[in-house]
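Asker: Got a structure for you, written out below as structure tokens; questions coming shortly.
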Amino acid sequence: MATTGQLEVTGYDDFINAKSGIKSWLFTTDHKRIALLYLTSITFMFFIGALFALIIRLELLTPKGDLVQADTYNKMFTMHGLVMIFFFLIPSIPAVLGNFLIPLMIGAKDVAFPKLNLLSWYIYDVGAIMFIYTILTGGLDTGWTFYTPLSTSFVTSSVVVGALAIFVVGFSSILTSLNFIVTVHRLRAPGMTWGRLPLFVWASYATAVIIVLGTPLIAISMALVALERIFGIGFFDPLLGGDPLLFQHLFWFYSHPAVYVMILPGMGVISEIMTCFSRKRVFGYKSMALAILGIAVFGFLVWAHHMFVAGISVYSALVFSFLSYLVAVPSAIKVFNWTATMYRGSVYLLTPMLYALAFIGLFTIGGMTGLFLASLGIDVHVTDTYFVVAHFHYIMVGGMVTAFMGGMHFWWPKISGRMYPEGWGKVAAAIMFIGFNLTFFPQFILGYVGMNRRYWEYASQFQVLNVLSTAGASVLGIGYLLPLGYFAWSLRYGARAGNNPWNAAGLEWTVPSPPATHNFDVTPVVTSEAYDYDQLPKDIVVPREASVVGE
Amino acid sequence: MFPLWPTAASTISGEVDALYLFLISVTSAVTLAVLCLIVVFIFRYRHSKHPVADQVSGSVPLEITWSLVPLGIFMIFFVWGATIYVAEATPPKDSLQIYVVAKQWMWKIEHEEGQREINTLHVPMNRDVRLTMISQDVIHSFWVPEFRVKADVLPGRYTTLWFRANRPGKYNLFCSEYCGTMHSGMIGKVVVMDPVKFQAWLTGGGEMGSFAATGQKLFQELGCTSCHRFDTQGRGPNLVGVYGKPVLLDDGSTVIADDAYVRESILNPGAQIVAGFKPIMPSFQGIVTEDQLLSLIAYVKSLATPEEQEPVSNRPPVPKTAGGTEVQ
């Protein structure tokens, strides 16, 4: 970027120290502080979701259901899915990194509607509290998919409160997205044209559009489930004159695009990291941006591929299989272009880059197995098995969570002003990668040989693969706990980051770390493309010297 | 140590496995190629060896290539997979008809010859078997991994599934769609038998008479015969020769009298009235069970091709019995 701003600024109030006291956080309208509020909330919810996963994996150590009751197990996988999807993955990159970075990346002082931004965090918390209330009052055992008429007329758990929690938390996503869309349209700095936007902003923008268009559908589905359950209005239960497949269409019309909500922001993060640590502009900026939009658009046209055995017509199955292959093309382009970005680059294997490379590997496996599921003949056999479980964990955990971790390491110096310990970072990334594959790869095999998902008990010949999976999950857990520890450590003991420890391109690196509350003293003027690494230093010198202890 | 491959026990299994292997080969090759490239790039362009990056900005021909080539490969996956799916969705004409009623958490099986089973399904080897399935409560899914076929079992609507088992043995029948507390216990067995033994088994316990005869008995008990007479004098349509044929409705449209139509006519008679009749039939919703409905359908089906043409008396025709081949 034109404004390099390498000089160390002293004597400014960064956004963390600008004001103090709990009130200054709870009533803040600063997008960076709201990002940190979100980080706290979603990290808390992540560990609740992880606790459910732990119980699931422990139960599956043995073929017999011997750790928890069948109903408890059913609640565990239901609430694991709901917490992780609606209260962690969907808000993860958008609400934390998106909130923090979008205004900085486009040269704005804040998002377009700062108060609305704070409101969306409160709405998220109301939804989260409602869901925790659901957990504490007996939980939910409908499966995260709420399939009717099981959810409306059969299970006896707290479906209504749980469904309304999802209904409520959707509004927080909608408000955040509305904010991002208006911010990207209206608040770009002079010279920050659409063709110069960092790919992270493109990805966040496309995600916001999907959320605004799709989330009302899940809200409607949840509201209808609640109405049918409370008043017996027959939308879905055939005994009341409803149609159970109607629910599946409504549900997946949102929940398939939601899969792209859970991967596009990750793709944006990876583009930022790959360019920085290859010291190079991205390979094919235009097609990368177009691929993001292509995924967002085609993502709305493939929902019924979740329903190939559900009793839809053969013709619609053929159409949805075909369209599912079309949506795979832009994803393939992205993988090839990231790889090509390294070509003739100058590659640094620092922690964020390790996460980015892990992302490419895991996302590729996740995407490739998606091709299996899009193929009708294979899907009939493997749908509703562990093959599907493995596939979507490769995308959502191997993809999105890996990208989130990569992004957290990449921007941690900007957020906190401190460096995390690089050695520990690499160790955690490696542990995460090994643990992840050990957990989820055996599940592909399990699915094809015949293990159903959502099974509390299973046939004994599947035990070895399940034990491997549980062992992997414990390794993976360590991989996720380590960063929590050393990020906290770095707040006090990490080396000072300076404005731009990676010598990375992007307006966010031109301001001090942590940035001032108003981001930019003077509105920057952008005169060159994103990723102008030829204008930046060739080397990365990671700040190492520890700061004065207790300073 | 652990299984890598499920037994193949139906004619479609081999086809699914072949496609699966093809997909594994192609996707592994591409994944490995990408990973090798990444490793090569890391090694060749690491900062210590290649300190200054060349600012390559992209290559449109390359990008077009790596969009179109995958698209072409995807189309092979699509067409191959679609071919299998269409075959799975098209039961051969002379399939052996068996009825399945699923409920939390068991499988009930009704053979046309009158045999009933719970959580066990006996089928003959090397014979096309067509299942007509319905659920009494929530959505279930019928899956036999060794056959590589699966179909959801819905409440309120018939779904079908067919297979041709080609390997004798006992295989697990799983419920594949989460259906509540004991979902993982909703497991049955499919017993694939030698056709001769199967025939013996089938007629072995037939004290109850055929499934259609059960339906006929019910038809009389429920008083259906008072309107659905076997002449042209009834207040309801004569049901002889109706099944599988187009029926003219009072709004001028026609509908094929299939399982779904007969079912709807019993539960919700006002929905599609046959031309020339009044909407006077009461609903039997809540009066007949799913099993009974299926037996009524089997009975109506058995009236499809009457032995005597144009019966004139009101004596109900005797339902056809025995071999499924004769039905439909």
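We label chains A, B, ... in the order they appear in the structure tokens, count residues from 1 in each chain, and number ligands from 1 in the order shown.
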When DSSP is applied to the backbone of this structure, which of region 24-81 of chain A are assigned helix (DSSP H, G or I)? Write them out as an MDAnalysis selection string.

Answerer: chainID A and resid 24:26 31:59 70:81

Asker: Quick one: DSSP strand (DSSP E or B) residues in region 4-162 of chain B, as a ChimeraX atom specification?

Answerer: /B:10,46,96-103,106-111,116-118,120-124,128-135,140-144,149-153,155,159-162

Asker: Contacts of Pro6 (chain B) at 10 Å or less, counting only C-alpha atoms, minus same-chain residues fewer than 5 places along, as a compact mmCIF listing (two decimals) with N, CA and C atoms, in the first residue's frame?

Answerer:
# COMPACT_ATOMS: atom_id res chain seq x y z
N ILE A 445 -13.57 -44.39 6.47
CA ILE A 445 -13.61 -45.85 6.30
C ILE A 445 -14.84 -46.41 7.01
N LEU A 446 -15.06 -45.92 8.25
CA LEU A 446 -16.21 -46.38 9.03
C LEU A 446 -17.52 -46.20 8.26
N TYR A 448 -18.10 -45.99 4.97
CA TYR A 448 -18.32 -46.85 3.80
C TYR A 448 -18.57 -48.30 4.22
N VAL A 449 -17.88 -48.76 5.28
CA VAL A 449 -18.12 -50.15 5.68
C VAL A 449 -19.43 -50.33 6.44
N GLY A 450 -20.06 -49.24 6.86
CA GLY A 450 -21.40 -49.43 7.38
C GLY A 450 -21.72 -48.87 8.74
N SER B 13 -24.19 -53.61 -5.71
CA SER B 13 -23.01 -53.38 -4.86
C SER B 13 -21.75 -53.19 -5.68
N ASP B 17 -19.31 -49.96 -5.82
CA ASP B 17 -17.90 -50.11 -5.45
C ASP B 17 -16.98 -49.66 -6.58
N PRO B 145 -26.03 -52.12 4.29
CA PRO B 145 -24.73 -51.73 3.70
C PRO B 145 -24.24 -52.72 2.65
N GLU B 146 -24.47 -54.01 2.87
CA GLU B 146 -23.98 -55.01 1.93
C GLU B 146 -24.67 -54.90 0.57
N PHE B 147 -25.87 -54.30 0.56
CA PHE B 147 -26.58 -54.11 -0.72
C PHE B 147 -26.28 -52.75 -1.32
N ARG B 148 -25.69 -51.83 -0.53
CA ARG B 148 -25.39 -50.44 -0.95
C ARG B 148 -26.65 -49.66 -1.34

Asker: Using only C-alpha atoms, determine which residues of chain A fall within 6 Å of chain B; present them as a PyMOL selection string.

Answerer: chain A and resi 70-71+149-150+238+280+283-284+309-310+344-348+375-377+380-381+384+449-450+455-457

Asker: Store the residues picked out above in a file with C-alpha atoms, as a JSON list (two decimals), in the first residue's frame.

Answerer:
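part03.json, freshly written:
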[["chain", "number", "residue", "atom", "x", "y", "z"],
["A", 70, "ALA", "CA", -29.05, -43.40, 24.89],
["A", 71, "ASP", "CA", -31.05, -40.20, 25.43],
["A", 149, "PRO", "CA", -42.01, -34.88, 12.77],
["A", 150, "LEU", "CA", -39.48, -36.19, 15.33],
["A", 238, "PRO", "CA", -48.46, -35.74, 8.12],
["A", 280, "LYS", "CA", 3.99, -12.36, -3.31],
["A", 283, "PHE", "CA", -2.15, -15.84, -8.12],
["A", 284, "GLY", "CA", -5.16, -14.65, -10.14],
["A", 309, "VAL", "CA", -32.57, -40.68, -0.22],
["A", 310, "ALA", "CA", -35.29, -38.62, 1.46],
["A", 344, "ARG", "CA", 8.39, -18.43, -7.48],
["A", 345, "GLY", "CA", 7.59, -16.87, -4.15],
["A", 346, "SER", "CA", 9.89, -16.59, -1.17],
["A", 347, "VAL", "CA", 8.32, -18.89, 1.34],
["A", 348, "TYR", "CA", 8.46, -18.50, 5.13],
["A", 375, "SER", "CA", -22.35, -38.47, -6.91],
["A", 376, "LEU", "CA", -25.83, -39.95, -6.54],
["A", 377, "GLY", "CA", -24.79, -43.61, -6.67],
["A", 380, "VAL", "CA", -27.23, -43.35, -1.47],
["A", 381, "HIS", "CA", -24.82, -45.72, 0.26],
["A", 384, "ASP", "CA", -26.23, -40.63, 7.09],
["A", 449, "VAL", "CA", -18.12, -50.15, 5.68],
["A", 450, "GLY", "CA", -21.40, -49.43, 7.38],
["A", 455, "TYR", "CA", -25.42, -44.29, 16.75],
["A", 456, "TRP", "CA", -25.03, -44.68, 20.49],
["A", 457, "GLU", "CA", -24.06, -48.35, 20.15]]

Asker: Neighbouring residues of Thr517 (chain A) were defined as those with any atom within 7 Å, considering only C-alpha atoms; residues of the same chain fewer than 5 positions away were excluded. Please report them as a ChimeraX atom specification.

Answerer: /A:14-15,30

Asker: Please, what distance in Å, to one decimal, runs between CA of Trp411 (chain A) and CA of Val126 (chain A)?

Answerer: 28.3 Å

Asker: Could you tell me how far CA of Asn179 (chain A) lies from CA of Val327 (chain A), in Å and to one decimal?

Answerer: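 Spanning CA of Asn179 (chain A) to CA of Val327 (chain A) is a straight-line distance of 27.0 Å.
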
Asker: I'd like to know which of A:Phe167, A:Trp144, A:Phe253, A:Phe47 is closest to Ile123 (chain A), using only C-alpha atoms.

Answerer: A:Phe167

Asker: Counting only C-alpha atoms, which residue out of A:Leu349, A:Thr142, A:Thr369, A:Gln248 sits closest to Phe154 (chain A)?

Answerer: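 The shortest atom-to-atom distance to Phe154 (chain A) comes from A:Thr142.
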
Asker: Could you work out how far CA of Asn99 (chain A) lies from CA of Lys32 (chain A), giving the answer in Å with one decimal?

Answerer: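 It comes out at 6.5 Å.
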
Asker: Extract, using only C-alpha atoms, all DNA, RNA and protein residues at most 9 Å from Phe52 (chain A), discarding same-chain residues fewer than 5 positions from it, and format them as number ranges by chain.

Answerer: A: 47, 57, 75-77, 79-80

Asker: Mind writing the picked residues with C-alpha atoms as a CSV table (one decimal), in the first residue's frame?

Answerer:
chain,number,residue,atom,x,y,z
A,47,PHE,CA,-15.4,-25.2,25.0
A,57,ARG,CA,-15.8,-39.7,21.7
A,75,LYS,CA,-28.5,-34.9,23.4
A,76,MET,CA,-24.7,-34.8,23.2
A,77,PHE,CA,-24.5,-35.0,19.4
A,79,MET,CA,-26.0,-29.9,21.3
A,80,HIS,CA,-22.5,-30.4,20.0

Asker: Of the candidates B:Ala212, B:Leu248, B:Ala18, B:Leu173, which one gets nearest to Ser295 (chain B) if we count only C-alpha atoms?

Answerer: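 Looking at the shortest contact to Ser295 (chain B), the residue is B:Ala212.
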
Asker: Tell me which protein, DNA and RNA residues are within 12 Å of Val261 (chain A), counting only C-alpha atoms, leaving out same-chain ones fewer than 2 positions away, and put them as a PyMOL selection string.

Answerer: chain A and resi 85-86+88-95+173+177+203-215+254-259+263-268+292+295-297+299-300+395-396+399-400

Asker: Tell me, as a ChimeraX atom specification, which residues lie within 10 Å of Asp291 (chain B), counting only C-alpha atoms; anything in the same chain fewer than 6 positions away does not count.

Answerer: /B:99-102,108-110,134-136,211,215,297

Asker: Save the residues we just selected, N, CA and C atoms, as a PDB file, in the first residue's frame?

Answerer:
ATOM      1  N   TYR B  99     -43.880 -55.589   1.811  1.00  0.00           N
ATOM      2  CA  TYR B  99     -44.248 -54.335   2.467  1.00  0.00           C
ATOM      3  C   TYR B  99     -43.473 -54.179   3.766  1.00  0.00           C
ATOM      4  N   VAL B 100     -43.055 -52.934   4.017  1.00  0.00           N
ATOM      5  CA  VAL B 100     -42.293 -52.654   5.237  1.00  0.00           C
ATOM      6  C   VAL B 100     -42.982 -51.525   5.991  1.00  0.00           C
ATOM      7  N   VAL B 101     -43.265 -51.746   7.254  1.00  0.00           N
ATOM      8  CA  VAL B 101     -43.777 -50.674   8.103  1.00  0.00           C
ATOM      9  C   VAL B 101     -42.743 -50.445   9.201  1.00  0.00           C
ATOM     10  N   ALA B 102     -42.233 -49.204   9.270  1.00  0.00           N
ATOM     11  CA  ALA B 102     -41.244 -48.884  10.290  1.00  0.00           C
ATOM     12  C   ALA B 102     -41.911 -48.123  11.408  1.00  0.00           C
ATOM     13  N   LYS B 108     -41.397 -53.831  10.704  1.00  0.00           N
ATOM     14  CA  LYS B 108     -42.406 -54.862  10.512  1.00  0.00           C
ATOM     15  C   LYS B 108     -42.491 -55.164   9.021  1.00  0.00           C
ATOM     16  N   ILE B 109     -42.454 -56.441   8.702  1.00  0.00           N
ATOM     17  CA  ILE B 109     -42.405 -56.862   7.310  1.00  0.00           C
ATOM     18  C   ILE B 109     -43.656 -57.673   6.995  1.00  0.00           C
ATOM     19  N   GLU B 110     -44.285 -57.405   5.863  1.00  0.00           N
ATOM     20  CA  GLU B 110     -45.461 -58.162   5.435  1.00  0.00           C
ATOM     21  C   GLU B 110     -45.201 -58.718   4.043  1.00  0.00           C
ATOM     22  N   ILE B 134     -43.421 -47.612   4.587  1.00  0.00           N
ATOM     23  CA  ILE B 134     -44.061 -46.459   5.218  1.00  0.00           C
ATOM     24  C   ILE B 134     -43.745 -46.487   6.703  1.00  0.00           C
ATOM     25  N   SER B 135     -43.767 -45.303   7.307  1.00  0.00           N
ATOM     26  CA  SER B 135     -43.498 -45.222   8.741  1.00  0.00           C
ATOM     27  C   SER B 135     -44.776 -44.893   9.489  1.00  0.00           C
ATOM     28  N   GLN B 136     -44.867 -45.430  10.683  1.00  0.00           N
ATOM     29  CA  GLN B 136     -46.024 -45.152  11.529  1.00  0.00           C
ATOM     30  C   GLN B 136     -45.835 -43.882  12.333  1.00  0.00           C
ATOM     31  N   PHE B 211     -51.745 -61.833   2.197  1.00  0.00           N
ATOM     32  CA  PHE B 211     -51.856 -60.460   2.670  1.00  0.00           C
ATOM     33  C   PHE B 211     -53.097 -59.807   2.063  1.00  0.00           C
ATOM     34  N   GLY B 215     -56.551 -58.208   3.666  1.00  0.00           N
ATOM     35  CA  GLY B 215     -57.154 -56.955   3.240  1.00  0.00           C
ATOM     36  C   GLY B 215     -58.614 -57.136   2.882  1.00  0.00           C
ATOM     37  N   ILE B 297     -54.517 -52.071   0.374  1.00  0.00           N
ATOM     38  CA  ILE B 297     -53.942 -51.773  -0.941  1.00  0.00           C
ATOM     39  C   ILE B 297     -53.625 -53.077  -1.674  1.00  0.00           C
TER      40      ILE B 297
END
